[in-house]
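See below for the structure under consideration.
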Amino acid sequence: MELFGGLPLPFSLALLALIDGLSVGTLLIPVFLLLHPGRVHARRILLYLVTIAAFYLLVGLLFLWGLVNFVDVASDFLASPAGLIIRLLVGGALLITAFVMPTGDKSAAAASPSASLPASASVLPGTDLPTAHEASGSSITTPPPAPAAVAEPRARAGRITRWRERLLDPRTRGTAVMAVAVAAGLGRV
């Protein structure tokens, strides 16, 4: 079997392994975990890499043992009229869920006390409460706080950065690291 023209099978497989090694699950996530500020959490990173390697080994064994036949049967069923109806129902349910599912963005902004303040009101650093003279309706203005007082101890991080911090937190169980590895593997398969 030749995958890439005249290349023998071992070279073709080595090229495919190199390409797969550059995927999100096997390269980017471990590098992202290594870039965490502070000391390197080698046990967590090794647990992640061992889990994703075991996942890929399991998928390879399943294909070796005949998963391709199951995939062919499933694709034939999904192409049948009953399969098309099931796909339509699942797609419709996902679409309705996308519109109905609540998100935290709107409710967090509405619940903030500073959201109902007038535009001229300032907020104390680190709180959502207005300054005393603005709460009383006084028109006295205060100078802006010093930059050191405004800076929060931890800047607001993005979702991915928060996930990395949670994943590398010593209180997080190893099963969470393994779940991330399996999710990254499923995203690739």
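Order determines the names: the first chain of the structure tokens is A, the second B, and so forth; residues in each chain are numbered 1 upward, and ligands are numbered 1 upward as they are shown.
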Note to self: With only C-alpha atoms as the counted atoms, please give the residues lying no more than 7 Å from A:Met178, apart from itself and same-chain residues fewer than 4 positions off, as a VMD selection string.
What the structure shows: chain A and resid 48 51 174 182
Margin query: So that I can see what lies close to A:Trp163, please list as a ChimeraX atom specification the residues with an atom at most 12 Å from it, counting only C-alpha atoms and leaving out residues fewer than 3 positions away in the same chain.
Written below: /A:29,32-33,36,157-160,166-169,172,176-177,180
Note to self: What's around A:Pro30 at 10 Å? Count only C-alpha atoms, leave out sequence neighbours fewer than 6 positions away in its own chain, and write the answer as a VMD selection string.
What the structure shows: chain A and resid 24 44 to 46 48 to 49 181
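Of note, atom CA of A:His41 and atom CA of A:Glu165 are spaced 11.1 Å apart.
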Check: Just how far from atom CA of A:Ala183 is atom CA of A:Leu57, in Å to one decimal?
Finding: 15.0 Å
Margin query: My list of candidates is A:Arg164, A:Met101, A:Ile96, A:Ala179. Which is closest to A:Leu34 when distances are computed with only C-alpha atoms?
Written below: A:Arg164
Note to self: Can you tell me, as an NGL selection string, which residues in stretch 3-114 of chain A count as alpha helix (DSSP H) by DSSP?
What the structure shows: :A and (9-21 or 29-34 or 42-64 or 67-79 or 81-100 or 104-111)
